[in-house]
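**Student:** Pasting in a structure now, in structure tokens, and then I'll have a few things to ask.
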Amino acid sequence: MDAWVRFSAQSQARERLCRAAQYACSLLGHALQRHGASPVLQKQIRQLEGHLSLGRKLLRLGNSADALESAKRAVHLSDVVLRFCITVSHLNRALYFACDNVLWAGKSGLAPRVDQEKWAQRSFRYYLFSLIMNLSRDAYEIRLLMEQETSAYGRRMKVSGVPGGVETGGPGGSGTPGGCLPQLALKFRLRVLLLARVLRGHPPLLLDVLRNACDLFIPLDKLGLWRCGPGIVGLCGLISSILSILTLICPWLRLKP
């Protein structure tokens with residue numbers, strides 16, 4: 001069992017390095033095309049990107065089983081919202097990896113009759129659902145932390161004898177003409193500052209939000225829901241890959257559970 005865990009961790013590290021290199025090639029290819037580089041060089045970059053993509057699929061052959069095991073563990077979480085978001089995310093990841101395995105069999109020649117376009121669309125659909133669940137989980141955790149921070153601030157103000165909250169009465173308050181918009185602007189500014197404070201105080205959550213937000217552009221572009229172009233896809237993929245590698249180097253930056 002320990003040997004399998006070590007092998008899985010090594011495969012995951014190699015896959016993420018290949019992913020970073022693949023999206024770096026995508027970004028480089030877009031830049032070369034825009035600057036009118038030679039067609040031969042552009043073709044070589046595209047071929048390298050294709051080889052890296054196929055290598056990643058090989059390294060992900062056992063990831064469906066890992067995702068199912070993670071889903072089984074998430075079922076036992078006490079928080080209902082976290083249990084739902086994390087379990088559904090892992091199940092969609094398992095289906096995504098299963099479709100990815102079929103694609104690898106088709107591209108490697110083991111199953112030449114596989115409709116690669118259809119299976120690619122299926123895989124990106126499951127990938128998109130997984131990312132939506134991840135971002136929903138991030139939003140829920142941010143909401144909980146913001147509520148905790150607000151409650152702690154209210155207790156501190158109560159102990160110090162200073163009234164908490166934002167004043168709404170008096171001159172310029174919400175009860176006077178023209179006072180509503182400044183009041184809403186102030187509340188919005190306070191919420192943004194609170195959000196920034198929460199994310200700054202919880203680096204694993206911040207990294208998870210950034211990584212999932214960057215990854216979201218990839219299936220949106222591949223499914224035709226929002227055409228971003230190869231440059232944006234390559235940049236977002238490269239950023240999310242670097243953030244993923246960072247969580248491997250510094251395990252405390254991984255969001256748990």
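Residue numbers start at 1 in each chain; chains themselves are named A, B, ... in the order of the structure tokens; ligands are numbered from 1 in the order shown.
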What's the 10 Å shell around A:Ile242, counting only C-alpha atoms, without same-chain residues fewer than 3 positions away, as a PyMOL selection string?

**Tutor:** chain A and resi 16-17+19-20+211+236-239+245-248

**Student:** Please save all heavy atoms of the selected residues as a short mmCIF file (atom, residue, chain, number, x, y, z; two decimals), in the first residue's frame.

**Tutor:**
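To be explicit, this is the file written out as part.cif:
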```cif
data_model
loop_
_atom_site.label_atom_id
_atom_site.label_comp_id
_atom_site.auth_asym_id
_atom_site.auth_seq_id
_atom_site.Cartn_x
_atom_site.Cartn_y
_atom_site.Cartn_z
N ARG A 16 1.92 16.78 -13.40
CA ARG A 16 1.78 18.23 -13.28
C ARG A 16 2.92 18.96 -13.96
O ARG A 16 2.72 20.06 -14.52
CB ARG A 16 1.68 18.61 -11.79
CG ARG A 16 0.40 18.10 -11.16
CD ARG A 16 0.20 18.59 -9.76
NE ARG A 16 -1.02 18.01 -9.18
CZ ARG A 16 -1.48 18.31 -7.98
NH1 ARG A 16 -0.84 19.17 -7.22
NH2 ARG A 16 -2.59 17.75 -7.54
N LEU A 17 4.11 18.38 -13.94
CA LEU A 17 5.21 18.98 -14.69
C LEU A 17 4.94 18.93 -16.19
O LEU A 17 5.18 19.90 -16.91
CB LEU A 17 6.52 18.26 -14.36
CG LEU A 17 7.10 18.52 -12.96
CD1 LEU A 17 8.28 17.60 -12.70
CD2 LEU A 17 7.53 19.98 -12.82
N ARG A 19 2.01 18.82 -17.53
CA ARG A 19 0.91 19.75 -17.77
C ARG A 19 1.43 21.17 -17.93
O ARG A 19 1.00 21.91 -18.84
CB ARG A 19 -0.10 19.68 -16.63
CG ARG A 19 -1.38 20.47 -16.85
CD ARG A 19 -2.31 20.30 -15.65
NE ARG A 19 -3.65 20.80 -15.94
CZ ARG A 19 -4.06 22.01 -15.67
NH1 ARG A 19 -3.23 22.88 -15.11
NH2 ARG A 19 -5.30 22.40 -15.94
N ALA A 20 2.33 21.57 -17.04
CA ALA A 20 2.92 22.91 -17.14
C ALA A 20 3.66 23.08 -18.46
O ALA A 20 3.53 24.11 -19.14
CB ALA A 20 3.86 23.15 -15.96
N ARG A 211 -6.51 28.63 -8.66
CA ARG A 211 -6.28 27.47 -9.53
C ARG A 211 -7.56 27.04 -10.24
O ARG A 211 -7.56 26.80 -11.45
CB ARG A 211 -5.72 26.32 -8.69
CG ARG A 211 -5.33 25.09 -9.49
CD ARG A 211 -4.48 24.17 -8.63
NE ARG A 211 -5.16 23.80 -7.40
CZ ARG A 211 -6.01 22.78 -7.29
NH1 ARG A 211 -6.28 22.04 -8.36
NH2 ARG A 211 -6.56 22.49 -6.14
N CYS A 236 -3.68 30.47 -18.70
CA CYS A 236 -4.43 30.00 -17.52
C CYS A 236 -3.99 28.59 -17.11
O CYS A 236 -3.83 28.29 -15.93
CB CYS A 236 -5.93 30.02 -17.80
SG CYS A 236 -6.63 31.67 -17.93
N GLY A 237 -3.77 27.72 -18.11
CA GLY A 237 -3.30 26.38 -17.81
C GLY A 237 -1.93 26.37 -17.18
O GLY A 237 -1.66 25.59 -16.26
N LEU A 238 -1.06 27.25 -17.65
CA LEU A 238 0.29 27.33 -17.09
C LEU A 238 0.26 27.84 -15.65
O LEU A 238 0.94 27.30 -14.77
CB LEU A 238 1.16 28.25 -17.95
CG LEU A 238 2.61 28.46 -17.51
CD1 LEU A 238 3.36 27.14 -17.45
CD2 LEU A 238 3.32 29.45 -18.43
N ILE A 239 -0.56 28.87 -15.40
CA ILE A 239 -0.67 29.42 -14.04
C ILE A 239 -1.21 28.37 -13.08
O ILE A 239 -0.66 28.16 -11.97
CB ILE A 239 -1.55 30.68 -14.03
CG1 ILE A 239 -0.87 31.81 -14.78
CG2 ILE A 239 -1.86 31.12 -12.60
CD1 ILE A 239 -1.73 33.04 -14.98
N ILE A 245 1.79 22.60 -8.73
CA ILE A 245 3.14 22.16 -8.35
C ILE A 245 3.54 22.75 -7.00
O ILE A 245 4.18 22.09 -6.18
CB ILE A 245 4.14 22.55 -9.46
CG1 ILE A 245 3.86 21.77 -10.75
CG2 ILE A 245 5.58 22.31 -9.00
CD1 ILE A 245 4.65 22.25 -11.94
N LEU A 246 3.11 23.99 -6.76
CA LEU A 246 3.42 24.65 -5.49
C LEU A 246 2.79 23.90 -4.32
O LEU A 246 3.41 23.78 -3.24
CB LEU A 246 2.92 26.09 -5.53
CG LEU A 246 3.35 27.01 -4.38
CD1 LEU A 246 4.86 27.11 -4.30
CD2 LEU A 246 2.74 28.39 -4.56
N THR A 247 1.57 23.36 -4.51
CA THR A 247 0.93 22.60 -3.42
C THR A 247 1.63 21.27 -3.18
O THR A 247 1.54 20.72 -2.08
CB THR A 247 -0.55 22.35 -3.74
OG1 THR A 247 -0.67 21.60 -4.95
CG2 THR A 247 -1.31 23.65 -3.88
N LEU A 248 2.32 20.74 -4.20
CA LEU A 248 3.11 19.53 -3.99
C LEU A 248 4.39 19.82 -3.24
O LEU A 248 4.82 19.05 -2.38
CB LEU A 248 3.43 18.87 -5.33
CG LEU A 248 2.28 18.19 -6.09
CD1 LEU A 248 2.79 17.62 -7.41
CD2 LEU A 248 1.66 17.08 -5.25
#
```

**Student:** Just give me the gap between atom CA of A:Pro203 and atom CA of A:Phe97 in Å, one decimal is fine.

**Tutor:**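 Here the two named atoms are 27.9 Å from each other.
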
**Student:** Which residues are near stretch 111-118 of chain A? Cut-off 10 Å, only C-alpha atoms, ignore same chain within fewer than 6 positions. Put them as a PDB file with C-alpha atoms, in the first residue's frame.

**Tutor:**
```
ATOM      1  CA  CYS A  99     -13.048   9.385 -20.593  1.00  0.00           C
ATOM      2  CA  ASP A 100      -9.417  10.482 -20.687  1.00  0.00           C
ATOM      3  CA  VAL A 102     -10.543   6.037 -23.520  1.00  0.00           C
ATOM      4  CA  LEU A 103      -8.982   8.957 -25.390  1.00  0.00           C
ATOM      5  CA  TRP A 104      -5.493   7.662 -24.569  1.00  0.00           C
ATOM      6  CA  ALA A 105      -6.439   4.238 -25.956  1.00  0.00           C
TER       7      ALA A 105
END
```

**Student:** If we count only C-alpha atoms, what is near A:Phe84 at a cut-off of 10 Å, once residues fewer than 5 positions away on the same chain are taken out, given as a list of chain:residue names?

**Tutor:**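 These residues fall inside the cut-off: A:Ala71, A:Ala74, A:Val75, A:Leu77, A:Asp79, A:Ser89, A:Met133, A:Arg137.
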
**Student:** Please, could you write that set of residues out with all heavy atoms as a PDB file, in the first residue's frame?

**Tutor:**
```pdb
ATOM      1  N   ALA A  71     -13.813  10.222  -3.234  1.00  0.00           N
ATOM      2  CA  ALA A  71     -15.260  10.428  -3.096  1.00  0.00           C
ATOM      3  C   ALA A  71     -15.815   9.622  -1.934  1.00  0.00           C
ATOM      4  O   ALA A  71     -16.670  10.104  -1.174  1.00  0.00           O
ATOM      5  CB  ALA A  71     -15.966  10.056  -4.399  1.00  0.00           C
ATOM      6  N   ALA A  74     -14.993  11.432   1.195  1.00  0.00           N
ATOM      7  CA  ALA A  74     -15.740  12.685   1.352  1.00  0.00           C
ATOM      8  C   ALA A  74     -17.169  12.449   1.822  1.00  0.00           C
ATOM      9  O   ALA A  74     -17.781  13.340   2.429  1.00  0.00           O
ATOM     10  CB  ALA A  74     -15.748  13.454   0.028  1.00  0.00           C
ATOM     11  N   VAL A  75     -17.702  11.251   1.569  1.00  0.00           N
ATOM     12  CA  VAL A  75     -19.074  10.946   1.984  1.00  0.00           C
ATOM     13  C   VAL A  75     -19.239  11.037   3.500  1.00  0.00           C
ATOM     14  O   VAL A  75     -20.336  11.318   4.001  1.00  0.00           O
ATOM     15  CB  VAL A  75     -19.471   9.540   1.474  1.00  0.00           C
ATOM     16  CG1 VAL A  75     -20.768   9.065   2.098  1.00  0.00           C
ATOM     17  CG2 VAL A  75     -19.622   9.549  -0.036  1.00  0.00           C
ATOM     18  N   LEU A  77     -17.865  13.242   5.546  1.00  0.00           N
ATOM     19  CA  LEU A  77     -17.688  14.572   6.122  1.00  0.00           C
ATOM     20  C   LEU A  77     -18.952  15.004   6.857  1.00  0.00           C
ATOM     21  O   LEU A  77     -20.071  14.708   6.433  1.00  0.00           O
ATOM     22  CB  LEU A  77     -17.360  15.585   5.019  1.00  0.00           C
ATOM     23  CG  LEU A  77     -16.001  15.419   4.321  1.00  0.00           C
ATOM     24  CD1 LEU A  77     -15.886  16.390   3.159  1.00  0.00           C
ATOM     25  CD2 LEU A  77     -14.858  15.639   5.301  1.00  0.00           C
ATOM     26  N   ASP A  79     -20.011  18.191   7.527  1.00  0.00           N
ATOM     27  CA  ASP A  79     -20.678  19.342   6.919  1.00  0.00           C
ATOM     28  C   ASP A  79     -21.407  18.906   5.647  1.00  0.00           C
ATOM     29  O   ASP A  79     -20.792  18.364   4.723  1.00  0.00           O
ATOM     30  CB  ASP A  79     -19.657  20.434   6.600  1.00  0.00           C
ATOM     31  CG  ASP A  79     -20.310  21.741   6.201  1.00  0.00           C
ATOM     32  OD1 ASP A  79     -20.948  21.784   5.145  1.00  0.00           O
ATOM     33  OD2 ASP A  79     -20.174  22.730   6.948  1.00  0.00           O
ATOM     34  N   SER A  89     -17.702  16.539  -6.882  1.00  0.00           N
ATOM     35  CA  SER A  89     -16.499  16.929  -7.630  1.00  0.00           C
ATOM     36  C   SER A  89     -15.617  15.719  -7.926  1.00  0.00           C
ATOM     37  O   SER A  89     -15.161  15.530  -9.061  1.00  0.00           O
ATOM     38  CB  SER A  89     -15.709  17.967  -6.833  1.00  0.00           C
ATOM     39  OG  SER A  89     -14.461  18.234  -7.453  1.00  0.00           O
ATOM     40  N   MET A 133     -18.132  22.499  -8.997  1.00  0.00           N
ATOM     41  CA  MET A 133     -18.284  22.038  -7.620  1.00  0.00           C
ATOM     42  C   MET A 133     -17.131  22.541  -6.748  1.00  0.00           C
ATOM     43  O   MET A 133     -17.334  22.923  -5.584  1.00  0.00           O
ATOM     44  CB  MET A 133     -18.335  20.512  -7.587  1.00  0.00           C
ATOM     45  CG  MET A 133     -19.625  19.905  -8.094  1.00  0.00           C
ATOM     46  SD  MET A 133     -21.055  20.304  -7.050  1.00  0.00           S
ATOM     47  CE  MET A 133     -21.820  21.607  -8.016  1.00  0.00           C
ATOM     48  N   ARG A 137     -17.568  24.974  -3.523  1.00  0.00           N
ATOM     49  CA  ARG A 137     -16.985  24.662  -2.211  1.00  0.00           C
ATOM     50  C   ARG A 137     -16.136  25.831  -1.709  1.00  0.00           C
ATOM     51  O   ARG A 137     -16.201  26.204  -0.531  1.00  0.00           O
ATOM     52  CB  ARG A 137     -16.138  23.391  -2.340  1.00  0.00           C
ATOM     53  CG  ARG A 137     -15.394  22.975  -1.071  1.00  0.00           C
ATOM     54  CD  ARG A 137     -13.933  23.358  -1.119  1.00  0.00           C
ATOM     55  NE  ARG A 137     -13.204  22.901   0.042  1.00  0.00           N
ATOM     56  CZ  ARG A 137     -12.446  21.832   0.085  1.00  0.00           C
ATOM     57  NH1 ARG A 137     -12.310  21.089  -1.003  1.00  0.00           N
ATOM     58  NH2 ARG A 137     -11.811  21.507   1.185  1.00  0.00           N
TER      59      ARG A 137
END
```

**Student:** Which residues are close to A:Leu41, i.e. within 12 Å by only C-alpha atoms, leaving aside same-chain residues fewer than 4 positions away? Reply as a PDB file with N, CA, C and O atoms, in the first residue's frame.

**Tutor:**
```pdb
ATOM      1  N   CYS A  25       3.871  25.229 -23.967  1.00  0.00           N
ATOM      2  CA  CYS A  25       3.976  25.058 -25.421  1.00  0.00           C
ATOM      3  C   CYS A  25       2.798  25.696 -26.137  1.00  0.00           C
ATOM      4  O   CYS A  25       2.951  26.310 -27.203  1.00  0.00           O
ATOM      5  N   LEU A  28       3.414  29.380 -26.032  1.00  0.00           N
ATOM      6  CA  LEU A  28       4.520  29.703 -26.930  1.00  0.00           C
ATOM      7  C   LEU A  28       4.077  29.608 -28.385  1.00  0.00           C
ATOM      8  O   LEU A  28       4.428  30.469 -29.213  1.00  0.00           O
ATOM      9  N   GLY A  29       3.310  28.580 -28.707  1.00  0.00           N
ATOM     10  CA  GLY A  29       2.829  28.429 -30.077  1.00  0.00           C
ATOM     11  C   GLY A  29       1.955  29.592 -30.492  1.00  0.00           C
ATOM     12  O   GLY A  29       2.041  30.074 -31.636  1.00  0.00           O
ATOM     13  N   HIS A  30       1.109  30.064 -29.598  1.00  0.00           N
ATOM     14  CA  HIS A  30       0.261  31.225 -29.897  1.00  0.00           C
ATOM     15  C   HIS A  30       1.108  32.472 -30.129  1.00  0.00           C
ATOM     16  O   HIS A  30       0.853  33.251 -31.057  1.00  0.00           O
ATOM     17  N   ALA A  31       2.139  32.647 -29.288  1.00  0.00           N
ATOM     18  CA  ALA A  31       3.009  33.813 -29.446  1.00  0.00           C
ATOM     19  C   ALA A  31       3.787  33.753 -30.761  1.00  0.00           C
ATOM     20  O   ALA A  31       3.937  34.767 -31.455  1.00  0.00           O
ATOM     21  N   LEU A  32       4.267  32.564 -31.113  1.00  0.00           N
ATOM     22  CA  LEU A  32       4.996  32.408 -32.380  1.00  0.00           C
ATOM     23  C   LEU A  32       4.097  32.682 -33.578  1.00  0.00           C
ATOM     24  O   LEU A  32       4.522  33.295 -34.571  1.00  0.00           O
ATOM     25  N   GLN A  33       2.859  32.228 -33.505  1.00  0.00           N
ATOM     26  CA  GLN A  33       1.924  32.463 -34.602  1.00  0.00           C
ATOM     27  C   GLN A  33       1.626  33.946 -34.769  1.00  0.00           C
ATOM     28  O   GLN A  33       1.541  34.453 -35.886  1.00  0.00           O
ATOM     29  N   GLY A  36       4.525  35.745 -36.430  1.00  0.00           N
ATOM     30  CA  GLY A  36       4.894  35.292 -37.769  1.00  0.00           C
ATOM     31  C   GLY A  36       6.117  34.405 -37.824  1.00  0.00           C
ATOM     32  O   GLY A  36       6.935  34.548 -38.745  1.00  0.00           O
ATOM     33  N   ALA A  37       6.267  33.502 -36.869  1.00  0.00           N
ATOM     34  CA  ALA A  37       7.395  32.567 -36.889  1.00  0.00           C
ATOM     35  C   ALA A  37       7.236  31.575 -38.034  1.00  0.00           C
ATOM     36  O   ALA A  37       6.157  31.439 -38.625  1.00  0.00           O
ATOM     37  N   ILE A  45       6.392  22.848 -32.313  1.00  0.00           N
ATOM     38  CA  ILE A  45       5.822  23.180 -30.997  1.00  0.00           C
ATOM     39  C   ILE A  45       4.492  22.452 -30.805  1.00  0.00           C
ATOM     40  O   ILE A  45       4.210  21.911 -29.728  1.00  0.00           O
ATOM     41  N   ARG A  46       3.666  22.405 -31.876  1.00  0.00           N
ATOM     42  CA  ARG A  46       2.383  21.702 -31.781  1.00  0.00           C
ATOM     43  C   ARG A  46       2.589  20.208 -31.564  1.00  0.00           C
ATOM     44  O   ARG A  46       1.855  19.566 -30.806  1.00  0.00           O
ATOM     45  N   GLN A  47       3.596  19.638 -32.238  1.00  0.00           N
ATOM     46  CA  GLN A  47       3.886  18.214 -32.053  1.00  0.00           C
ATOM     47  C   GLN A  47       4.359  17.932 -30.631  1.00  0.00           C
ATOM     48  O   GLN A  47       3.954  16.933 -30.022  1.00  0.00           O
ATOM     49  N   LEU A  48       5.212  18.809 -30.098  1.00  0.00           N
ATOM     50  CA  LEU A  48       5.676  18.639 -28.719  1.00  0.00           C
ATOM     51  C   LEU A  48       4.511  18.738 -27.744  1.00  0.00           C
ATOM     52  O   LEU A  48       4.413  17.949 -26.792  1.00  0.00           O
TER      53      LEU A  48
END
```

**Student:** With distances taken over only C-alpha atoms, which residue among A:Cys250, A:Ala185, A:Leu61, A:Ala139 lies nearest A:Val209?

**Tutor:** A:Ala139

**Student:** For A:Val233, which residue out of A:Val81, A:Leu194, A:Ala21, A:Leu27 is the nearest one, using only C-alpha atoms?

**Tutor:** A:Leu27

**Student:** Any idea what's packed within 12 Å of stretch 62-66 of chain A, counting only C-alpha atoms, ignoring anything in its chain fewer than 4 positions away? Could you give it as a count of residues only?

**Tutor:** 28

**Student:** So, with only C-alpha atoms as the atoms that count, which of A:Cys85, A:Leu243, A:Met157, A:Cys18 lies closest to A:Ser53?

**Tutor:**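 Selected residue with least distance to A:Ser53: A:Cys18.
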
**Student:** Please return as a PyMOL selection string: the residues of stretch 11-195 of chain A that backbone DSSP assigns to helix (DSSP H, G or I).

**Tutor:** chain A and resi 11-34+39-59+63-74+80-107+116-160+180-195

**Student:** Could you state the separation of atom CA of A:Trp226 and atom CA of A:His35 in Å, given to one decimal place?

**Tutor:**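 Between these atoms lies a distance of 24.7 Å.
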
**Student:** By how many Å are atom CA of A:Ala24 and atom CA of A:Gly50 apart?

**Tutor:**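 The value is 12.2 Å.
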
**Student:** A:Cys180, A:Leu131, A:Leu199, A:Gly106: which is nearest A:Leu145, counting only C-alpha atoms?

**Tutor:**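 Using only C-alpha atoms, A:Leu145 sits closest to A:Leu199.
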